[in-house]
file coords.pdb (PDB, C-alpha atoms)
ATOM      1  CA  MET E  16     -32.124 121.413 -16.718
ATOM      2  CA  LYS E  17     -34.528 123.683 -18.594
ATOM      3  CA  TYR E  18     -32.272 124.766 -21.445
ATOM      4  CA  PHE E  19     -29.322 123.161 -23.199
ATOM      5  CA  THR E  20     -27.307 125.310 -25.578
ATOM      6  CA  CYS E  21     -23.709 125.060 -24.346
ATOM      7  CA  ALA E  22     -21.264 123.107 -22.189
ATOM      8  CA  ASP E  23     -22.056 125.145 -19.083
ATOM      9  CA  ASP E  24     -25.662 123.939 -19.172
ATOM     10  CA  ILE E  25     -24.639 120.313 -18.603
ATOM     11  CA  GLY E  26     -22.953 121.140 -15.314
ATOM     12  CA  ASN E  27     -20.246 118.841 -14.002
ATOM     13  CA  ILE E  28     -18.672 117.097 -16.993
ATOM     14  CA  LYS E  29     -17.618 113.964 -15.102
ATOM     15  CA  ALA E  30     -21.129 113.519 -13.719
ATOM     16  CA  ALA E  31     -22.609 113.987 -17.196
ATOM     17  CA  LEU E  32     -20.264 111.369 -18.648
ATOM     18  CA  GLN E  33     -21.157 108.918 -15.882
ATOM     19  CA  GLU E  34     -24.847 109.491 -16.580
ATOM     20  CA  ALA E  35     -24.272 108.964 -20.298
ATOM     21  CA  ALA E  36     -22.565 105.649 -19.541
ATOM     22  CA  GLU E  37     -25.574 104.629 -17.446
ATOM     23  CA  VAL E  38     -27.920 105.540 -20.297
ATOM     24  CA  LYS E  39     -25.821 103.581 -22.775
ATOM     25  CA  ARG E  40     -25.885 100.454 -20.606
ATOM     26  CA  ASP E  41     -29.686 100.408 -20.772
ATOM     27  CA  ARG E  42     -31.340 102.811 -23.203
ATOM     28  CA  PHE E  43     -34.816 101.748 -22.065
ATOM     29  CA  ALA E  44     -34.419 102.052 -18.305
ATOM     30  CA  PHE E  45     -36.150 105.438 -18.208
ATOM     31  CA  THR E  46     -39.098 104.998 -20.582
ATOM     32  CA  GLU E  47     -41.606 106.126 -17.952
ATOM     33  CA  LEU E  48     -40.012 109.589 -17.863
ATOM     34  CA  GLY E  49     -41.380 110.468 -21.269
ATOM     35  CA  ARG E  50     -44.788 108.790 -21.107
ATOM     36  CA  ASN E  51     -47.451 111.133 -22.531
ATOM     37  CA  ARG E  52     -44.816 113.799 -23.197
ATOM     38  CA  THR E  53     -44.182 115.235 -26.640
ATOM     39  CA  LEU E  54     -40.945 116.481 -28.194
ATOM     40  CA  LEU E  55     -41.159 118.883 -31.120
ATOM     41  CA  MET E  56     -38.027 118.903 -33.291
ATOM     42  CA  ILE E  57     -37.752 121.972 -35.525
ATOM     43  CA  PHE E  58     -35.298 122.050 -38.415
ATOM     44  CA  PHE E  59     -34.365 125.240 -40.234
ATOM     45  CA  ASN E  60     -31.496 123.309 -41.871
ATOM     46  CA  SER E  61     -30.740 119.848 -43.217
ATOM     47  CA  SER E  62     -29.914 116.969 -40.904
ATOM     48  CA  LEU E  63     -29.213 113.256 -40.886
ATOM     49  CA  ARG E  64     -27.494 112.192 -37.625
ATOM     50  CA  THR E  65     -29.123 114.877 -35.502
ATOM     51  CA  ARG E  66     -32.616 114.106 -36.746
ATOM     52  CA  LEU E  67     -32.340 110.336 -36.398
ATOM     53  CA  SER E  68     -30.349 110.192 -33.167
ATOM     54  CA  THR E  69     -32.475 112.751 -31.327
ATOM     55  CA  GLN E  70     -35.738 111.179 -32.410
ATOM     56  CA  LYS E  71     -34.471 107.744 -31.362
ATOM     57  CA  ALA E  72     -33.297 109.127 -28.018
ATOM     58  CA  ALA E  73     -36.707 110.628 -27.287
ATOM     59  CA  MET E  74     -38.437 107.397 -28.279
ATOM     60  CA  ASN E  75     -36.118 105.452 -25.947
ATOM     61  CA  LEU E  76     -37.469 107.668 -23.160
ATOM     62  CA  GLY E  77     -41.090 106.916 -24.086
ATOM     63  CA  MET E  78     -41.830 110.290 -25.718
ATOM     64  CA  ASN E  79     -44.046 111.125 -28.643
ATOM     65  CA  VAL E  80     -42.073 112.961 -31.322
ATOM     66  CA  MET E  81     -43.128 115.515 -33.936
ATOM     67  CA  VAL E  82     -40.681 116.725 -36.590
ATOM     68  CA  LEU E  83     -41.144 120.003 -38.452
ATOM     69  CA  ASP E  84     -38.959 120.930 -41.413
ATOM     70  CA  VAL E  85     -39.534 124.671 -41.652
ATOM     71  CA  ASN E  86     -38.255 124.925 -45.228
ATOM     72  CA  GLN E  87     -40.440 122.147 -46.617
ATOM     73  CA  GLY E  88     -43.350 121.545 -44.257
ATOM     74  CA  ALA E  89     -44.383 124.974 -42.999
ATOM     75  CA  TRP E  90     -44.920 128.584 -43.958
ATOM     76  CA  LYS E  91     -41.740 130.526 -44.558
ATOM     77  CA  LEU E  92     -40.943 132.328 -41.336
ATOM     78  CA  GLU E  93     -39.782 135.887 -40.844
ATOM     79  CA  THR E  94     -37.264 136.179 -38.002
ATOM     80  CA  GLU E  95     -36.516 139.919 -37.851
ATOM     81  CA  ARG E  96     -38.478 142.520 -35.934
ATOM     82  CA  GLY E  97     -39.674 145.682 -37.649
ATOM     83  CA  VAL E  98     -39.830 144.118 -41.095
ATOM     84  CA  ILE E  99     -42.698 145.046 -43.423
ATOM     85  CA  MET E 100     -43.869 141.566 -44.329
ATOM     86  CA  ASP E 101     -44.678 142.160 -47.980
ATOM     87  CA  GLY E 102     -42.377 139.430 -49.289
ATOM     88  CA  ASP E 103     -42.484 135.640 -49.424
ATOM     89  CA  LYS E 104     -42.678 135.082 -45.643
ATOM     90  CA  PRO E 105     -46.310 135.094 -44.472
ATOM     91  CA  GLU E 106     -45.729 134.184 -40.807
ATOM     92  CA  HIS E 107     -43.522 135.673 -38.141
ATOM     93  CA  LEU E 108     -41.477 133.562 -35.758
ATOM     94  CA  LEU E 109     -42.934 135.540 -32.842
ATOM     95  CA  GLU E 110     -46.387 134.099 -33.505
ATOM     96  CA  ALA E 111     -45.178 130.706 -34.704
ATOM     97  CA  ILE E 112     -43.045 129.983 -31.622
ATOM     98  CA  PRO E 113     -45.776 130.232 -28.952
ATOM     99  CA  VAL E 114     -48.133 128.282 -31.210
ATOM    100  CA  MET E 115     -45.545 125.494 -31.478
ATOM    101  CA  GLY E 116     -45.204 125.557 -27.709
ATOM    102  CA  CYS E 117     -48.927 124.833 -27.360
ATOM    103  CA  TYR E 118     -48.489 121.401 -28.959
ATOM    104  CA  CYS E 119     -45.532 119.975 -27.078
ATOM    105  CA  ASP E 120     -43.678 119.659 -23.784
ATOM    106  CA  MET E 121     -40.142 120.235 -25.086
ATOM    107  CA  ILE E 122     -38.569 121.765 -28.204
ATOM    108  CA  GLY E 123     -35.334 120.979 -30.043
ATOM    109  CA  VAL E 124     -34.147 123.603 -32.550
ATOM    110  CA  ARG E 125     -31.629 123.389 -35.386
ATOM    111  CA  SER E 126     -30.673 126.684 -37.038
ATOM    112  CA  PHE E 127     -27.314 127.412 -38.676
ATOM    113  CA  ALA E 128     -25.344 130.624 -38.928
ATOM    114  CA  GLY E 129     -26.095 132.802 -41.930
ATOM    115  CA  LEU E 130     -22.395 133.798 -42.170
ATOM    116  CA  LYS E 131     -23.343 137.284 -43.338
ATOM    117  CA  ASP E 132     -23.698 139.196 -40.067
ATOM    118  CA  LYS E 133     -21.406 138.064 -37.249
ATOM    119  CA  ASN E 134     -23.334 139.954 -34.580
ATOM    120  CA  GLU E 135     -26.597 138.360 -35.640
ATOM    121  CA  ASP E 136     -25.059 134.885 -35.676
ATOM    122  CA  TYR E 137     -23.238 135.208 -32.369
ATOM    123  CA  GLU E 138     -26.318 136.617 -30.635
ATOM    124  CA  GLU E 139     -28.072 133.311 -31.474
ATOM    125  CA  ARG E 140     -31.260 135.154 -32.331
ATOM    126  CA  VAL E 141     -33.286 132.163 -33.526
ATOM    127  CA  ILE E 142     -32.795 129.784 -30.610
ATOM    128  CA  GLU E 143     -32.918 132.663 -28.114
ATOM    129  CA  GLN E 144     -36.394 133.562 -29.410
ATOM    130  CA  PHE E 145     -37.528 129.978 -28.832
ATOM    131  CA  ILE E 146     -36.192 130.121 -25.285
ATOM    132  CA  ARG E 147     -37.923 133.427 -24.645
ATOM    133  CA  TYR E 148     -41.302 132.882 -26.305
ATOM    134  CA  SER E 149     -42.110 129.159 -26.458
ATOM    135  CA  GLY E 150     -42.866 128.618 -22.784
ATOM    136  CA  ARG E 151     -41.175 125.230 -23.066
ATOM    137  CA  PRO E 152     -37.771 123.721 -22.270
ATOM    138  CA  VAL E 153     -35.541 124.190 -25.326
ATOM    139  CA  PHE E 154     -32.374 122.439 -26.431
ATOM    140  CA  SER E 155     -30.022 123.090 -29.325
ATOM    141  CA  MET E 156     -29.710 120.578 -32.151
ATOM    142  CA  GLU E 157     -27.031 122.931 -33.572
ATOM    143  CA  ALA E 158     -27.195 126.680 -33.545
ATOM    144  CA  ALA E 159     -25.176 129.453 -35.153
ATOM    145  CA  THR E 160     -22.203 129.236 -32.799
ATOM    146  CA  ARG E 161     -22.356 125.822 -31.086
ATOM    147  CA  HIS E 162     -23.351 122.188 -31.625
ATOM    148  CA  PRO E 163     -23.482 120.896 -28.033
ATOM    149  CA  LEU E 164     -25.102 117.501 -28.693
ATOM    150  CA  GLN E 165     -22.283 116.720 -31.136
ATOM    151  CA  SER E 166     -19.585 117.862 -28.742
ATOM    152  CA  PHE E 167     -21.061 115.883 -25.857
ATOM    153  CA  ALA E 168     -21.047 112.791 -28.095
ATOM    154  CA  ASP E 169     -17.442 113.550 -29.092
ATOM    155  CA  LEU E 170     -16.427 113.669 -25.450
ATOM    156  CA  ILE E 171     -18.267 110.416 -24.669
ATOM    157  CA  THR E 172     -16.383 108.791 -27.558
ATOM    158  CA  ILE E 173     -12.992 110.048 -26.399
ATOM    159  CA  GLU E 174     -13.687 108.724 -22.905
ATOM    160  CA  GLU E 175     -14.525 105.309 -24.344
ATOM    161  CA  PHE E 176     -11.429 105.042 -26.555
ATOM    162  CA  LYS E 177      -8.713 106.817 -24.567
ATOM    163  CA  THR E 178      -5.885 104.650 -23.223
ATOM    164  CA  VAL E 179      -4.243 107.280 -21.025
ATOM    165  CA  GLU E 180      -5.826 109.490 -18.402
ATOM    166  CA  ARG E 181      -4.798 112.717 -20.116
ATOM    167  CA  PRO E 182      -4.768 112.176 -23.890
ATOM    168  CA  LYS E 183      -3.538 114.758 -26.371
ATOM    169  CA  ILE E 184      -6.431 116.036 -28.494
ATOM    170  CA  VAL E 185      -5.721 117.925 -31.714
ATOM    171  CA  MET E 186      -8.466 119.766 -33.568
ATOM    172  CA  THR E 187      -7.316 120.550 -37.084
ATOM    173  CA  TRP E 188      -8.797 122.775 -39.755
ATOM    174  CA  ALA E 189      -9.111 121.045 -43.125
ATOM    175  CA  PRO E 190     -10.062 122.377 -46.563
ATOM    176  CA  HIS E 191     -13.639 122.525 -47.869
ATOM    177  CA  PRO E 192     -15.072 124.074 -51.057
ATOM    178  CA  LYS E 193     -17.837 125.986 -49.253
ATOM    179  CA  ALA E 194     -17.981 128.365 -46.311
ATOM    180  CA  LEU E 195     -18.976 126.507 -43.150
ATOM    181  CA  PRO E 196     -19.935 127.915 -39.720
ATOM    182  CA  GLN E 197     -17.665 127.824 -36.687
ATOM    183  CA  ALA E 198     -20.329 126.016 -34.598
ATOM    184  CA  VAL E 199     -18.703 122.565 -34.424
ATOM    185  CA  PRO E 200     -15.120 123.738 -33.753
ATOM    186  CA  ASN E 201     -16.362 126.347 -31.266
ATOM    187  CA  SER E 202     -18.374 123.755 -29.424
ATOM    188  CA  PHE E 203     -15.705 121.051 -29.517
ATOM    189  CA  ALA E 204     -13.183 123.508 -28.068
ATOM    190  CA  GLU E 205     -15.629 124.622 -25.392
ATOM    191  CA  TRP E 206     -16.275 121.055 -24.234
ATOM    192  CA  ILE E 207     -12.659 119.873 -24.380
ATOM    193  CA  ASN E 208     -11.652 122.915 -22.362
ATOM    194  CA  LYS E 209     -13.905 121.584 -19.590
ATOM    195  CA  THR E 210     -11.559 118.596 -19.267
ATOM    196  CA  ASP E 211      -7.911 118.329 -18.263
ATOM    197  CA  TYR E 212      -6.871 116.867 -21.630
ATOM    198  CA  GLU E 213      -3.924 118.354 -23.484
ATOM    199  CA  PHE E 214      -5.633 120.358 -26.239
ATOM    200  CA  VAL E 215      -4.124 121.836 -29.400
ATOM    201  CA  ILE E 216      -5.912 123.691 -32.202
ATOM    202  CA  THR E 217      -4.134 123.918 -35.549
ATOM    203  CA  HIS E 218      -5.148 125.932 -38.599
ATOM    204  CA  PRO E 219      -3.741 128.302 -41.231
ATOM    205  CA  GLU E 220      -3.332 131.928 -40.281
ATOM    206  CA  GLY E 221      -6.604 133.801 -40.748
ATOM    207  CA  TYR E 222      -8.744 130.985 -39.346
ATOM    208  CA  GLU E 223      -8.486 131.982 -35.689
ATOM    209  CA  LEU E 224     -11.631 131.208 -33.707
ATOM    210  CA  ASP E 225     -13.348 133.460 -31.193
ATOM    211  CA  PRO E 226     -10.914 133.600 -28.236
ATOM    212  CA  LYS E 227     -13.681 132.778 -25.760
ATOM    213  CA  PHE E 228     -13.977 129.335 -27.370
ATOM    214  CA  VAL E 229     -10.234 128.795 -27.845
ATOM    215  CA  GLY E 230      -9.841 129.213 -24.096
ATOM    216  CA  LYS E 231      -6.820 127.407 -22.683
ATOM    217  CA  ALA E 232      -6.052 125.488 -25.893
ATOM    218  CA  ARG E 233      -2.650 125.921 -27.490
ATOM    219  CA  VAL E 234      -2.897 127.304 -31.026
ATOM    220  CA  GLU E 235      -0.285 125.909 -33.420
ATOM    221  CA  TYR E 236       0.018 127.069 -37.032
ATOM    222  CA  ASP E 237       2.438 124.281 -37.928
ATOM    223  CA  ARG E 238       0.158 121.292 -38.427
ATOM    224  CA  ASP E 239       2.944 118.711 -38.389
ATOM    225  CA  LYS E 240       4.179 120.018 -35.061
ATOM    226  CA  ALA E 241       0.626 119.981 -33.693
ATOM    227  CA  PHE E 242       0.095 116.346 -34.730
ATOM    228  CA  GLU E 243       3.209 115.054 -32.978
ATOM    229  CA  GLY E 244       2.206 112.633 -30.215
ATOM    230  CA  ALA E 245      -1.533 113.191 -30.667
ATOM    231  CA  ASP E 246      -3.890 110.518 -29.328
ATOM    232  CA  PHE E 247      -6.964 111.870 -31.127
ATOM    233  CA  VAL E 248      -7.213 113.990 -34.282
ATOM    234  CA  TYR E 249     -10.486 115.827 -34.788
ATOM    235  CA  ALA E 250     -10.739 117.273 -38.297
ATOM    236  CA  LYS E 251     -13.192 120.005 -39.234
ATOM    237  CA  ASN E 252     -13.443 122.872 -41.671
ATOM    238  CA  TRP E 253     -14.652 126.310 -40.671
ATOM    239  CA  SER E 254     -14.827 129.700 -42.343
ATOM    240  CA  ALA E 255     -13.028 132.792 -41.087
ATOM    241  CA  TYR E 256     -14.260 134.351 -37.860
ATOM    242  CA  ALA E 257     -12.344 137.638 -37.699
ATOM    243  CA  ASP E 258     -13.555 140.771 -39.489
ATOM    244  CA  PRO E 259     -13.468 141.777 -42.292
ATOM    245  CA  ASN E 260     -13.388 138.174 -43.530
ATOM    246  CA  TYR E 261     -16.169 136.717 -41.396
ATOM    247  CA  GLY E 262     -17.836 133.778 -43.129
ATOM    248  CA  LYS E 263     -15.335 133.674 -45.998
ATOM    249  CA  VAL E 264     -13.212 130.864 -47.422
ATOM    250  CA  LEU E 265      -9.613 132.062 -47.266
ATOM    251  CA  SER E 266      -7.935 128.835 -48.347
ATOM    252  CA  THR E 267      -8.598 125.399 -49.827
ATOM    253  CA  ASP E 268      -4.997 124.282 -49.349
ATOM    254  CA  ARG E 269      -4.998 120.493 -49.824
ATOM    255  CA  ARG E 270      -1.841 120.207 -47.756
ATOM    256  CA  TRP E 271      -4.194 120.440 -44.762
ATOM    257  CA  THR E 272      -6.154 117.347 -45.833
ATOM    258  CA  VAL E 273      -5.659 114.685 -43.157
ATOM    259  CA  ASP E 274      -3.733 111.837 -44.800
ATOM    260  CA  THR E 275      -1.631 108.864 -43.698
ATOM    261  CA  LYS E 276       1.536 110.957 -43.730
ATOM    262  CA  ALA E 277       0.032 113.377 -41.226
ATOM    263  CA  MET E 278      -1.428 110.607 -39.063
ATOM    264  CA  ALA E 279       1.990 108.893 -38.966
ATOM    265  CA  LEU E 280       3.218 111.827 -36.873
ATOM    266  CA  THR E 281       0.743 110.980 -34.119
ATOM    267  CA  ASN E 282       0.751 108.450 -31.302
ATOM    268  CA  ASN E 283      -1.280 106.063 -33.488
ATOM    269  CA  ALA E 284      -4.139 108.508 -33.055
ATOM    270  CA  TYR E 285      -7.812 107.880 -33.532
ATOM    271  CA  PHE E 286      -9.398 109.934 -36.310
ATOM    272  CA  MET E 287     -12.619 111.818 -35.550
ATOM    273  CA  HIS E 288     -15.066 113.896 -37.569
ATOM    274  CA  CYS E 289     -18.659 114.937 -36.928
ATOM    275  CA  LEU E 290     -19.867 113.878 -40.424
ATOM    276  CA  PRO E 291     -20.878 114.405 -43.164
ATOM    277  CA  VAL E 292     -17.319 114.534 -44.451
ATOM    278  CA  ARG E 293     -15.987 115.399 -47.908
ATOM    279  CA  ARG E 294     -13.542 112.628 -48.675
ATOM    280  CA  ASN E 295     -10.169 113.617 -50.074
ATOM    281  CA  MET E 296     -10.829 117.221 -49.053
ATOM    282  CA  ILE E 297     -11.126 116.876 -45.290
ATOM    283  CA  VAL E 298      -9.621 113.383 -45.031
ATOM    284  CA  THR E 299      -8.302 110.751 -47.412
ATOM    285  CA  ASP E 300     -10.106 107.464 -48.002
ATOM    286  CA  ASP E 301      -7.402 105.402 -46.336
ATOM    287  CA  VAL E 302      -7.547 107.404 -43.108
ATOM    288  CA  ILE E 303     -11.312 107.449 -42.713
ATOM    289  CA  GLU E 304     -11.514 103.745 -43.589
ATOM    290  CA  SER E 305      -8.671 102.725 -41.291
ATOM    291  CA  PRO E 306      -9.173 100.769 -38.047
ATOM    292  CA  ARG E 307      -8.231 103.956 -36.171
ATOM    293  CA  SER E 308     -11.190 105.860 -37.605
ATOM    294  CA  ILE E 309     -13.932 106.117 -34.986
ATOM    295  CA  VAL E 310     -16.366 108.325 -36.888
ATOM    296  CA  ILE E 311     -19.133 105.689 -36.774
ATOM    297  CA  ALA E 312     -18.764 105.114 -33.043
ATOM    298  CA  GLU E 313     -18.816 108.887 -32.650
ATOM    299  CA  ALA E 314     -22.042 109.144 -34.672
ATOM    300  CA  ALA E 315     -23.616 106.302 -32.687
ATOM    301  CA  ASN E 316     -22.960 108.235 -29.474
ATOM    302  CA  ARG E 317     -25.153 111.055 -30.771
ATOM    303  CA  GLU E 318     -28.088 108.969 -29.552
ATOM    304  CA  ILE E 319     -26.515 108.740 -26.106
ATOM    305  CA  SER E 320     -25.715 112.433 -25.768
ATOM    306  CA  ALA E 321     -29.231 113.380 -26.879
ATOM    307  CA  GLN E 322     -30.868 110.874 -24.556
ATOM    308  CA  THR E 323     -28.847 112.059 -21.567
ATOM    309  CA  VAL E 324     -29.822 115.675 -22.231
ATOM    310  CA  ILE E 325     -33.503 114.934 -22.850
ATOM    311  CA  LYS E 326     -33.616 112.710 -19.757
ATOM    312  CA  ARG E 327     -32.326 115.552 -17.607
ATOM    313  CA  MET E 328     -34.847 117.962 -19.114
ATOM    314  CA  LEU E 329     -37.712 115.544 -18.522
ATOM    315  CA  GLU E 330     -36.632 115.169 -14.915
ATOM    316  CA  SER E 331     -36.960 118.942 -14.487
ATOM    317  CA  LEU E 332     -40.516 119.155 -15.871
TER     318      LEU E 332
END
call {"tool": "encode", "arguments": {"input": "coords.pdb", "output": "structure tokens"}}
result
Amino acid sequence: MKYFTCADDIGNIKAALQEAAEVKRDRFAFTELGRNRTLLMIFFNSSLRTRLSTQKAAMNLGMNVMVLDVNQGAWKLETERGVIMDGDKPEHLLEAIPVMGCYCDMIGVRSFAGLKDKNEDYEERVIEQFIRYSGRPVFSMEAATRHPLQSFADLITIEEFKTVERPKIVMTWAPHPKALPQAVPNSFAEWINKTDYEFVITHPEGYELDPKFVGKARVEYDRDKAFEGADFVYAKNWSAYADPNYGKVLSTDRRWTVDTKAMALTNNAYFMHCLPVRRNMIVTDDVIESPRSIVIAEAANREISAQTVIKRMLESL
């Protein structure tokens, strides 16, 4: 596996989950794979779980790790072609990328959507330039339209906690004071659609996702109806996708906050969220602190998803 940006790149989902389980049983069984290999992690945006889990995963595999925060530890980078560089960005990504590639064997990139130009975001221009010009295997640590390491970890977590072969998974929009990208919900939908789980997406009208990510999921605008019989509830905010409202906040309706009343409609569902989470906006304290909240287990599996992906990429070097 040379590149990892979406669910298709992982191949057979069942095989990937089995491999992840093997990795989790012994995180240090493959340390020779990464000996004398270097991972460069590049962050255009803030991170906590992704930074720590991915670095730990690479270290488990015996790799050296370098971390570059573009906004604090490097020159400001221009990303657009044809720009007269007379502003505050003294270096272009087209020179920076191949230079970065000289110092490592593999690159992880984190770059969020700008939420101003849908075409630019959905073309994934930043990570695609790394794939094209770095000369190195590249994986996404969250891009404009997907967060595959998170979604892989989500799926690992569901597999560990499910009590029926075909659980009902509900992904629900929840209110947030700021405009957030569609990357996590897009990616979660893409990965769940690779399974045979019953999958429902619920949100207010106006928050429809790109149909290619919705896939075979059932869209339900009545949240209470969507929650009925759910085994897992995955809460996440996202901004509008459809024009002319792309990237906008259309609602902060607190009736969509996940609370005990909503969770009582479920089949004693587990609560999931990618974190960080705004308490009492996305979810109430009592729900996220309940025994049915598996957000910490979910975060812990970020190490496992990252290690499985990096292991496969090392094996292809």
call {"tool": "residues_around", "arguments": {"input": "coords.pdb", "residues": "E:Thr267", "least_positions_apart": "2", "cutoff": "7 Å", "atoms": "all atoms listed in the file", "output": "CSV table (one decimal) with C-alpha atoms, in the coordinates of the input"}}
result
chain,number,residue,atom,x,y,z
E,190,PRO,CA,-10.1,122.4,-46.6
E,191,HIS,CA,-13.6,122.5,-47.9
E,192,PRO,CA,-15.1,124.1,-51.1
E,269,ARG,CA,-5.0,120.5,-49.8
call {"tool": "residues_around", "arguments": {"input": "coords.pdb", "residues": "stretch 37-42 of chain E", "least_positions_apart": "3", "cutoff": "9 Å", "atoms": "all atoms listed in the file", "output": "MDAnalysis selection string"}}
result
chainID E and resid 32:34 45:46 72 75:76 316 318:319 322:323
call {"tool": "closest_atom_pairs", "arguments": {"input": "coords.pdb", "of": "stretch 117-221 of chain E", "to": "stretch 50-53 of chain E", "cutoff": "10 Å", "atoms": "only C-alpha atoms", "output": "tab-separated table"}}
result
residue	atom	partner	partner_atom	distance
E:Tyr118	CA	E:Thr53	CA	7.9
E:Cys119	CA	E:Thr53	CA	4.9
E:Asp120	CA	E:Thr53	CA	5.3
E:Met121	CA	E:Thr53	CA	6.6
E:Ile122	CA	E:Thr53	CA	8.8
call {"tool": "residues_near_point", "arguments": {"input": "coords.pdb", "point": "(-3.7, 115.7, -19.7)", "cutoff": "8 Å", "atoms": "all atoms listed in the file", "output": "MDAnalysis selection string"}}
result
chainID E and resid 180:183 211:213
call {"tool": "closest_residue", "arguments": {"input": "coords.pdb", "among": "E:Lys209, E:Arg233, E:Tyr261, E:Thr187", "to": "E:Gly26", "atoms": "only C-alpha atoms"}}
result
E:Lys209
call {"tool": "residues_around", "arguments": {"input": "coords.pdb", "residues": "E:Ala168", "least_positions_apart": "2", "cutoff": "7 Å", "atoms": "all atoms listed in the file", "output": "JSON, numbers by chain"}}
result
{"E": [164, 165, 166, 170, 171, 172, 313, 316, 317, 320]}
call {"tool": "write_last_selection", "arguments": {"input": "coords.pdb", "atoms": "C-alpha atoms", "output": "compact mmCIF listing (two decimals), keeping the file's coordinate frame"}}
result
# COMPACT_ATOMS: atom_id res chain seq x y z
CA LEU E 164 -25.10 117.50 -28.69
CA GLN E 165 -22.28 116.72 -31.14
CA SER E 166 -19.58 117.86 -28.74
CA LEU E 170 -16.43 113.67 -25.45
CA ILE E 171 -18.27 110.42 -24.67
CA THR E 172 -16.38 108.79 -27.56
CA GLU E 313 -18.82 108.89 -32.65
CA ASN E 316 -22.96 108.24 -29.47
CA ARG E 317 -25.15 111.06 -30.77
CA SER E 320 -25.72 112.43 -25.77
call {"tool": "closest_residue", "arguments": {"input": "coords.pdb", "among": "E:Phe286, E:Tyr236, E:Phe228, E:Tyr222", "to": "E:Leu265", "atoms": "all atoms listed in the file"}}
result
E:Tyr222
call {"tool": "atom_distance", "arguments": {"input": "coords.pdb", "atom1": "atom CA of E:Gln87", "atom2": "atom CA of E:Asn252"}}
result
27.5 Å
call {"tool": "residues_around", "arguments": {"input": "coords.pdb", "residues": "E:Phe19", "least_positions_apart": "5", "cutoff": "9 Å", "atoms": "all atoms listed in the file", "output": "PyMOL selection string"}}
result
chain E and resi 24-25+152-155+163-164+324+328
call {"tool": "write_last_selection", "arguments": {"input": "coords.pdb", "atoms": "C-alpha atoms", "output": "short mmCIF file (atom, residue, chain, number, x, y, z; two decimals), keeping the file's coordinate frame"}}
result
data_model
loop_
_atom_site.label_atom_id
_atom_site.label_comp_id
_atom_site.auth_asym_id
_atom_site.auth_seq_id
_atom_site.Cartn_x
_atom_site.Cartn_y
_atom_site.Cartn_z
CA ASP E 24 -25.66 123.94 -19.17
CA ILE E 25 -24.64 120.31 -18.60
CA PRO E 152 -37.77 123.72 -22.27
CA VAL E 153 -35.54 124.19 -25.33
CA PHE E 154 -32.37 122.44 -26.43
CA SER E 155 -30.02 123.09 -29.32
CA PRO E 163 -23.48 120.90 -28.03
CA LEU E 164 -25.10 117.50 -28.69
CA VAL E 324 -29.82 115.68 -22.23
CA MET E 328 -34.85 117.96 -19.11
#
call {"tool": "residues_around", "arguments": {"input": "coords.pdb", "residues": "E:Thr281", "least_positions_apart": "2", "cutoff": "8 Å", "atoms": "all atoms listed in the file", "output": "number ranges by chain"}}
result
E: 242-246, 277-279, 283-284
call {"tool": "closest_residue", "arguments": {"input": "coords.pdb", "among": "E:Leu67, E:Phe247, E:Tyr256, E:Trp90", "to": "E:Thr178", "atoms": "only C-alpha atoms"}}
result
E:Phe247
call {"tool": "closest_residue", "arguments": {"input": "coords.pdb", "among": "E:Ala111, E:Ile173, E:Pro200, E:Ala257", "to": "E:Lys91", "atoms": "only C-alpha atoms"}}
result
E:Ala111
call {"tool": "resolve_selection", "arguments": {"input": "coords.pdb", "expression": "the PyMOL selection byres ((chain E and resi 148) around 8)", "output": "PyMOL selection string"}}
result
chain E and resi 109+112-113+144-147+149-150
call {"tool": "atom_distance", "arguments": {"input": "coords.pdb", "atom1": "atom CA of E:Val82", "atom2": "atom CA of E:Glu135"}}
result
25.8 Å
call {"tool": "atom_distance", "arguments": {"input": "coords.pdb", "atom1": "atom CA of E:Lys251", "atom2": "atom CA of E:Asp23"}}
result
22.6 Å
call {"tool": "closest_residue", "arguments": {"input": "coords.pdb", "among": "E:Arg293, E:Arg66, E:Arg307, E:His288", "to": "E:Thr275", "atoms": "only C-alpha atoms"}}
result
E:Arg307
